[in-house]
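Reproduced below: work.json, with JSON, C-alpha atoms and all ligand atoms.
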```json
[["chain", "number", "residue", "atom", "x", "y", "z"],
["Q", 209, "MET", "CA", -14.58, -23.53, -3.79],
["Q", 210, "LEU", "CA", -16.71, -23.85, -6.92],
["Q", 211, "GLY", "CA", -18.96, -26.32, -5.18],
["Q", 212, "LYS", "CA", -19.70, -23.83, -2.43],
["Q", 213, "SER", "CA", -20.66, -21.01, -4.75],
["Q", 214, "SER", "CA", -22.86, -23.06, -7.04],
["Q", 215, "PRO", "CA", -26.04, -22.82, -4.91],
["Q", 216, "GLY", "CA", -25.90, -19.02, -5.33],
["Q", 217, "ARG", "CA", -25.57, -19.38, -9.08],
["Q", 218, "ALA", "CA", -28.40, -21.86, -9.24],
["Q", 219, "ILE", "CA", -30.67, -19.38, -7.48],
["Q", 220, "LEU", "CA", -29.84, -16.46, -9.74],
["Q", 221, "PRO", "CA", -31.79, -17.47, -12.87],
["Q", 222, "PHE", "CA", -34.82, -18.02, -10.72],
["Q", 223, "VAL", "CA", -34.53, -14.57, -9.12],
["Q", 224, "ARG", "CA", -34.17, -12.90, -12.51],
["Q", 225, "ARG", "CA", -37.18, -14.71, -13.89],
["Q", 226, "SER", "CA", -39.23, -13.66, -10.87],
["Q", 227, "TYR", "CA", -38.34, -10.01, -11.37],
["Q", 228, "HIS", "CA", -39.26, -10.17, -15.04],
["Q", 229, "PRO", "CA", -41.81, -7.36, -15.69],
["Q", 230, "ASP", "CA", -45.24, -8.88, -15.85],
["Q", 231, "PRO", "CA", -48.24, -6.56, -16.31],
["Q", 232, "ALA", "CA", -50.45, -9.05, -14.50],
["Q", 233, "ALA", "CA", -48.28, -8.79, -11.37],
["Q", 234, "THR", "CA", -49.19, -5.12, -10.78],
["Q", 235, "GLY", "CA", -52.62, -6.24, -9.65],
["Q", 236, "GLY", "CA", -51.11, -7.81, -6.59],
["Q", 237, "THR", "CA", -53.35, -10.87, -6.73],
["Q", 238, "VAL", "CA", -53.09, -13.63, -4.16],
["Q", 239, "GLY", "CA", -51.60, -15.90, -6.79],
["Q", 240, "ARG", "CA", -48.62, -13.56, -7.21],
["Q", 241, "ALA", "CA", -47.77, -13.32, -3.52],
["Q", 242, "GLY", "CA", -46.31, -16.81, -3.49],
["Q", 243, "PRO", "CA", -43.46, -16.23, -5.97],
["Q", 244, "ARG", "CA", -42.56, -12.97, -4.24],
["Q", 245, "ARG", "CA", -42.15, -14.71, -0.93],
["Q", 246, "LEU", "CA", -40.04, -17.29, -2.70],
["Q", 247, "VAL", "CA", -37.80, -14.54, -4.05],
["Q", 248, "ILE", "CA", -37.16, -13.30, -0.51],
["Q", 249, "ALA", "CA", -36.45, -16.84, 0.59],
["Q", 250, "ALA", "CA", -34.06, -17.26, -2.31],
["Q", 251, "LEU", "CA", -32.23, -14.02, -1.46],
["Q", 252, "LEU", "CA", -31.93, -15.05, 2.18],
["Q", 253, "ALA", "CA", -30.57, -18.40, 1.08],
["Q", 254, "ALA", "CA", -27.94, -16.65, -1.04],
["Q", 255, "MET", "CA", -26.85, -14.26, 1.72],
["Q", 256, "PRO", "CA", -24.64, -16.62, 3.74],
["Q", 257, "LEU", "CA", -22.38, -16.80, 0.68],
["Q", 258, "ALA", "CA", -21.32, -13.18, 1.10],
["Q", 259, "PRO", "CA", -19.62, -13.58, 4.51],
["Q", 260, "LEU", "CA", -18.11, -16.79, 3.21],
["Q", 261, "ALA", "CA", -16.49, -14.96, 0.30],
["Q", 262, "GLY", "CA", -15.31, -12.28, 2.73],
["Q", 263, "ALA", "CA", -13.69, -14.84, 5.00],
["Q", 264, "MET", "CA", -11.87, -16.40, 2.07],
["Q", 265, "THR", "CA", -10.26, -13.13, 1.01],
["Q", 266, "ALA", "CA", -9.59, -11.96, 4.60],
["Q", 267, "GLY", "CA", -7.12, -14.80, 5.04],
["Q", 268, "ALA", "CA", -4.96, -13.39, 2.26],
["Q", 269, "ALA", "CA", -5.06, -9.80, 3.50],
["Q", 270, "GLU", "CA", -1.99, -8.22, 5.08],
["Q", 271, "PRO", "CA", -2.00, -7.36, 8.80],
["Q", 272, "ALA", "CA", -3.81, -4.08, 9.47],
["Q", 273, "ALA", "CA", -0.70, -2.45, 10.90],
["Q", 274, "ALA", "CA", 1.44, -3.05, 7.82],
["Q", 275, "GLY", "CA", 1.66, -0.31, 5.24],
["Q", 276, "ASP", "CA", 0.16, -0.55, 1.79],
["Q", 277, "PRO", "CA", 2.95, -0.45, -0.80],
["Q", 278, "ARG", "CA", 0.62, 0.79, -3.52],
["Q", 279, "SER", "CA", -0.35, 3.87, -1.53],
["Q", 280, "GLY", "CA", 3.31, 4.16, -0.58],
["Q", 281, "GLU", "CA", 4.27, 4.38, -4.22],
["Q", 282, "ARG", "CA", 2.08, 7.47, -4.56],
["Q", 283, "VAL", "CA", 3.84, 9.02, -1.58],
["Q", 284, "PHE", "CA", 7.22, 8.24, -3.13],
["Q", 285, "VAL", "CA", 6.24, 9.67, -6.51],
["Q", 286, "THR", "CA", 4.96, 12.91, -5.02],
["Q", 287, "GLN", "CA", 7.48, 13.44, -2.18],
["Q", 288, "CYS", "CA", 10.72, 11.67, -3.04],
["Q", 289, "ARG", "CA", 11.15, 10.95, -6.72],
["Q", 290, "ALA", "CA", 12.14, 14.48, -7.64],
["Q", 291, "CYS", "CA", 15.37, 13.78, -5.75],
["Q", 292, "HIS", "CA", 15.69, 9.99, -5.68],
["Q", 293, "SER", "CA", 15.61, 7.10, -8.12],
["Q", 294, "ILE", "CA", 15.00, 3.68, -6.58],
["Q", 295, "GLU", "CA", 15.49, 1.18, -9.40],
["Q", 296, "ARG", "CA", 18.68, -0.85, -9.64],
["Q", 297, "GLY", "CA", 21.38, 1.19, -11.35],
["Q", 298, "GLY", "CA", 19.24, 4.35, -11.25],
["Q", 299, "HIS", "CA", 21.08, 7.67, -11.42],
["Q", 300, "ASN", "CA", 21.81, 9.74, -8.37],
["Q", 301, "ARG", "CA", 19.82, 12.94, -8.53],
["Q", 302, "LEU", "CA", 19.87, 15.62, -5.88],
["Q", 303, "GLY", "CA", 19.77, 12.63, -3.52],
["Q", 304, "PRO", "CA", 21.41, 9.20, -3.87],
["Q", 305, "ASN", "CA", 19.84, 6.21, -5.63],
["Q", 306, "LEU", "CA", 17.83, 4.22, -3.07],
["Q", 307, "HIS", "CA", 18.13, 0.74, -4.52],
["Q", 308, "GLY", "CA", 19.06, -1.74, -1.79],
["Q", 309, "VAL", "CA", 18.72, 0.88, 0.92],
["Q", 310, "PHE", "CA", 17.22, -1.56, 3.44],
["Q", 311, "GLY", "CA", 20.03, -3.03, 5.50],
["Q", 312, "ARG", "CA", 22.62, -0.72, 3.97],
["Q", 313, "ARG", "CA", 24.93, 1.54, 5.88],
["Q", 314, "ALA", "CA", 24.09, 5.23, 5.56],
["Q", 315, "GLY", "CA", 26.09, 7.29, 3.10],
["Q", 316, "ALA", "CA", 27.27, 4.33, 1.03],
["Q", 317, "VAL", "CA", 26.15, 5.01, -2.55],
["Q", 318, "PRO", "CA", 29.26, 5.25, -4.75],
["Q", 319, "GLY", "CA", 29.74, 8.56, -6.50],
["Q", 320, "PHE", "CA", 27.29, 10.50, -4.37],
["Q", 321, "ARG", "CA", 28.59, 13.44, -2.38],
["Q", 322, "TYR", "CA", 27.00, 13.11, 1.03],
["Q", 323, "SER", "CA", 26.97, 15.87, 3.58],
["Q", 324, "ARG", "CA", 29.58, 15.88, 6.28],
["Q", 325, "ALA", "CA", 26.76, 15.17, 8.74],
["Q", 326, "MET", "CA", 25.69, 12.01, 6.90],
["Q", 327, "ARG", "CA", 29.27, 10.79, 6.60],
["Q", 328, "ALA", "CA", 29.75, 11.25, 10.33],
["Q", 329, "LYS", "CA", 26.58, 9.26, 11.05],
["Q", 330, "ALA", "CA", 27.74, 6.54, 8.68],
["Q", 331, "GLU", "CA", 31.05, 6.30, 10.50],
["Q", 332, "ALA", "CA", 29.17, 6.10, 13.78],
["Q", 333, "GLY", "CA", 27.38, 3.02, 12.41],
["Q", 334, "LEU", "CA", 24.00, 4.28, 11.16],
["Q", 335, "VAL", "CA", 22.34, 1.54, 9.11],
["Q", 336, "TRP", "CA", 19.07, 1.99, 7.23],
["Q", 337, "GLY", "CA", 16.35, -0.38, 8.39],
["Q", 338, "ALA", "CA", 12.63, 0.05, 9.05],
["Q", 339, "ASP", "CA", 13.20, 1.89, 12.34],
["Q", 340, "THR", "CA", 16.00, 4.21, 11.27],
["Q", 341, "LEU", "CA", 14.26, 5.02, 7.98],
["Q", 342, "ARG", "CA", 10.99, 5.73, 9.77],
["Q", 343, "ALA", "CA", 12.74, 8.13, 12.10],
["Q", 344, "TYR", "CA", 14.79, 9.82, 9.35],
["Q", 345, "LEU", "CA", 11.83, 10.24, 7.00],
["Q", 346, "ALA", "CA", 9.59, 11.56, 9.77],
["Q", 347, "ASN", "CA", 12.17, 14.18, 10.70],
["Q", 348, "PRO", "CA", 15.45, 14.07, 8.74],
["Q", 349, "ARG", "CA", 17.20, 16.77, 10.75],
["Q", 350, "ALA", "CA", 16.43, 15.12, 14.07],
["Q", 351, "VAL", "CA", 18.20, 11.91, 13.02],
["Q", 352, "VAL", "CA", 21.01, 13.48, 10.99],
["Q", 353, "PRO", "CA", 21.46, 17.07, 12.19],
["Q", 354, "GLY", "CA", 22.89, 19.01, 9.28],
["Q", 355, "THR", "CA", 21.74, 16.56, 6.61],
["Q", 356, "ALA", "CA", 21.69, 17.89, 3.06],
["Q", 357, "MET", "CA", 18.27, 16.36, 2.54],
["Q", 358, "THR", "CA", 16.00, 19.39, 2.49],
["Q", 359, "PHE", "CA", 12.83, 17.47, 3.14],
["Q", 360, "VAL", "CA", 10.65, 18.65, 6.02],
["Q", 361, "GLY", "CA", 9.61, 15.16, 7.06],
["Q", 362, "LEU", "CA", 6.55, 13.02, 6.72],
["Q", 363, "ARG", "CA", 4.45, 13.34, 9.87],
["Q", 364, "ASN", "CA", 1.43, 11.36, 8.71],
["Q", 365, "GLU", "CA", 1.83, 7.89, 10.31],
["Q", 366, "ARG", "CA", -0.30, 6.16, 7.70],
["Q", 367, "GLN", "CA", 1.65, 7.65, 4.78],
["Q", 368, "LEU", "CA", 4.92, 6.83, 6.52],
["Q", 369, "ALA", "CA", 3.91, 3.18, 6.99],
["Q", 370, "ASP", "CA", 2.77, 2.97, 3.37],
["Q", 371, "LEU", "CA", 5.97, 4.60, 2.13],
["Q", 372, "LEU", "CA", 8.13, 2.17, 4.13],
["Q", 373, "ALA", "CA", 6.20, -0.80, 2.72],
["Q", 374, "TYR", "CA", 6.82, 0.55, -0.77],
["Q", 375, "LEU", "CA", 10.50, 1.33, -0.12],
["Q", 376, "GLU", "CA", 11.15, -2.15, 1.24],
["Q", 377, "ARG", "CA", 9.63, -3.74, -1.82],
["Q", 378, "ALA", "CA", 10.84, -1.37, -4.54],
["Q", 379, "SER", "CA", 14.39, -1.00, -3.22],
["Q", 380, "ALA", "CA", 14.79, -4.78, -3.40],
["Q", 381, "ALA", "CA", 13.19, -5.24, -6.82],
["Q", 382, "ASP", "CA", 15.33, -6.13, -9.83],
["O", 401, "LIG", "C1", 14.89, 17.94, -2.13],
["O", 401, "LIG", "C2", 15.48, 16.67, -2.46],
["O", 401, "LIG", "C3", 15.11, 15.47, -1.61],
["O", 401, "LIG", "C4", 13.86, 15.01, -1.32],
["O", 401, "LIG", "C5", 12.52, 15.59, -1.71],
["O", 401, "LIG", "C6", 14.05, 13.79, -0.59],
["O", 401, "LIG", "N1", 15.38, 13.53, -0.44],
["O", 401, "LIG", "FE1", 16.21, 11.93, 0.47],
["O", 401, "LIG", "N2", 18.05, 12.74, 0.27],
["O", 401, "LIG", "C7", 18.32, 13.91, -0.39],
["O", 401, "LIG", "C8", 19.74, 14.23, -0.22],
["O", 401, "LIG", "C9", 20.44, 15.45, -0.79],
["O", 401, "LIG", "C10", 20.28, 13.20, 0.56],
["O", 401, "LIG", "C11", 21.71, 13.08, 1.07],
["O", 401, "LIG", "C12", 21.67, 13.59, 2.50],
["O", 401, "LIG", "C13", 23.01, 13.91, 3.10],
["O", 401, "LIG", "O1", 24.06, 13.67, 2.50],
["O", 401, "LIG", "O2", 22.98, 14.44, 4.24],
["O", 401, "LIG", "C14", 19.18, 12.27, 0.83],
["O", 401, "LIG", "C15", 19.33, 11.10, 1.57],
["O", 401, "LIG", "C16", 18.35, 10.17, 1.73],
["O", 401, "LIG", "C17", 18.53, 8.88, 2.33],
["O", 401, "LIG", "C18", 19.84, 8.32, 2.86],
["O", 401, "LIG", "C19", 20.48, 7.53, 1.72],
["O", 401, "LIG", "C20", 21.83, 7.00, 2.00],
["O", 401, "LIG", "O3", 22.42, 6.42, 1.06],
["O", 401, "LIG", "O4", 22.34, 7.11, 3.12],
["O", 401, "LIG", "C21", 17.33, 8.25, 2.27],
["O", 401, "LIG", "C22", 17.04, 6.86, 2.77],
["O", 401, "LIG", "C23", 16.40, 9.15, 1.66],
["O", 401, "LIG", "N3", 17.04, 10.31, 1.34],
["O", 401, "LIG", "C24", 15.08, 8.86, 1.40],
["O", 401, "LIG", "C25", 14.14, 9.80, 0.96],
["O", 401, "LIG", "C26", 12.75, 9.54, 0.83],
["O", 401, "LIG", "C27", 12.09, 8.19, 1.07],
["O", 401, "LIG", "C28", 12.16, 10.70, 0.45],
["O", 401, "LIG", "C29", 10.68, 10.98, 0.28],
["O", 401, "LIG", "C30", 9.90, 10.90, 1.47],
["O", 401, "LIG", "C31", 13.22, 11.66, 0.29],
["O", 401, "LIG", "N4", 14.40, 11.09, 0.61],
["O", 401, "LIG", "C32", 13.03, 12.96, -0.15],
["O", 401, "LIG", "C33", 17.43, 14.68, -1.08],
["O", 401, "LIG", "C34", 16.06, 14.55, -1.03]]
```
In structure tokens, how does this file's structure come out?
Amino acid sequence: MLGKSSPGRAILPFVRRSYHPDPAATGGTVGRAGPRRLVIAALLAAMPLAPLAGAMTAGAAEPAAAGDPRSGERVFVTQCRACHSIERGGHNRLGPNLHGVFGRRAGAVPGFRYSRAMRAKAEAGLVWGADTLRAYLANPRAVVPGTAMTFVGLRNERQLADLLAYLERASAAD
């Protein structure tokens, strides 16, 4: 990697020197035109390095459809944290602690008093995964009619995807 970027570095000192203010250059003499053309040539030579750098980072990027957990954290902080903790061993608030929620049966946090509606869904086999969480968080009452979660629902697809990415990561963290 270093070897590939070195030509760009080698060009830089030359470019800087060429841009160095020189009172004689303002005259625009024929003798000065040469270096200027060289500067353009040097910049053009350096340009192919930019797409190269882009290609190297693109390989590490997440698929476009996946949510961004960092944006999702903001959604959680503003929309959920008043009622939910997510860290391991966190206290139940108005809503149950969400640690380990992915793959867990609904209504299963010890010591939390769930609504009758949630308990019924749990008995019917509702398990929290990406799909069930997406549906519940988009419209809680549609998935669990009578739920005690007084949250209107997150209709913004982008925010929902980001939130799910965050939940998956944070609910599994130590
Ligand atoms: C006003 C408080 C409140 C807000 C805000 C809120 N919740 Fe809840 N949440 C609750 C309550 C109360 C329950 C229990 C629902 C029941 O028993 O019917 C719950 C239940 C849940 C459950 C089911 C947990 C389980 O153990 O079955 C999940 C998952 C959940 N909330 C996620 C979220 C997320 C994510 C947000 C933010 C988008 C959020 N909640 C916002 C109060 C809230």
Can you check which parts of chain Q lie within 6 Å of ligand LIG 401 (chain O)? Per residue, the shortest pair of atoms and distance in Å to one decimal, counting all atoms listed in the file, sorted by chain and number, as a tab-separated table.
```
residue	atom	partner	partner_atom	distance
Q:Phe284	CA	O:LIG401	C29	5.6
Q:Gln287	CA	O:LIG401	C29	4.7
Q:Cys288	CA	O:LIG401	C29	3.4
Q:Cys291	CA	O:LIG401	C2	4.4
Q:Leu302	CA	O:LIG401	C9	5.1
Q:Gly303	CA	O:LIG401	C8	3.7
Q:Pro304	CA	O:LIG401	O3	5.7
Q:Ala314	CA	O:LIG401	O4	3.5
Q:Gly315	CA	O:LIG401	O4	3.8
Q:Ala316	CA	O:LIG401	O3	5.3
Q:Val317	CA	O:LIG401	O3	5.4
Q:Tyr322	CA	O:LIG401	O1	3.3
Q:Ser323	CA	O:LIG401	O1	3.8
Q:Ala325	CA	O:LIG401	O2	5.9
Q:Met326	CA	O:LIG401	O2	4.5
Q:Leu345	CA	O:LIG401	C30	5.9
Q:Thr355	CA	O:LIG401	O2	3.4
Q:Ala356	CA	O:LIG401	O2	3.9
Q:Met357	CA	O:LIG401	C8	3.8
Q:Thr358	CA	O:LIG401	C1	5.0
Q:Phe359	CA	O:LIG401	C4	5.2
```
- Take atom CA of Q:Arg366 and atom CA of Q:Thr286 and report the distance between them in Å, one decimal.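 Computed distance, atom CA of Q:Arg366 to atom CA of Q:Thr286, equals 15.3 Å.
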- Distance criterion (all atoms listed in the file): nearest to Q:Gly297 out of Q:Pro318, Q:Gly280, Q:Gly354, Q:Gly311: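 Checking each candidate against Q:Gly297, we get Q:Pro318 as the closest.
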- Query: Hey, can you check how far atom CA of Q:Phe320 sits from atom CA of Q:Ser293?
  - Reply: 12.7 Å
- Which one of Q:Ser279, Q:Thr340, Q:Gln367, Q:Ser379 sits closest to Q:Arg296 if you count all atoms listed in the file?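 The closest residue to Q:Arg296 is Q:Ser379.
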- Query: With all atoms listed in the file as the atoms that count, which of Q:Ala290, Q:Ala369, Q:Ala328, Q:Ala380 lies nearest to Q:Ala274?
  - Reply: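 Distance minimum relative to Q:Ala274 lands on Q:Ala369.
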- Task: Would you mind reading off the distance between atom CA of Q:Val285 and atom CA of Q:Asp382, one decimal, in Å?
- Result: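 According to the coordinates, atom CA of Q:Val285 and atom CA of Q:Asp382 are separated by 18.5 Å.
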- Please provide the set of residues having any atom within 6 Å of stretch 373-377 of chain Q, restricted to all atoms listed in the file, with same-chain residues fewer than 5 positions apart removed, written as a ChimeraX atom specification. /Q:275,277,280-281
- Neighbours of Q:Tyr344 within 12 Å (only C-alpha atoms; same-chain residues fewer than 6 positions away dropped), as a list in words?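 Within the cut-off, the hits are Ala314, Met326, Lys329, Leu334, Val335, Trp336, Gly337, Ala338, Ala350, Val351, Val352, Pro353, Thr355, Met357, Thr358, Phe359, Val360, Gly361, Leu362, Arg363, Leu368 and Leu372 of chain Q.
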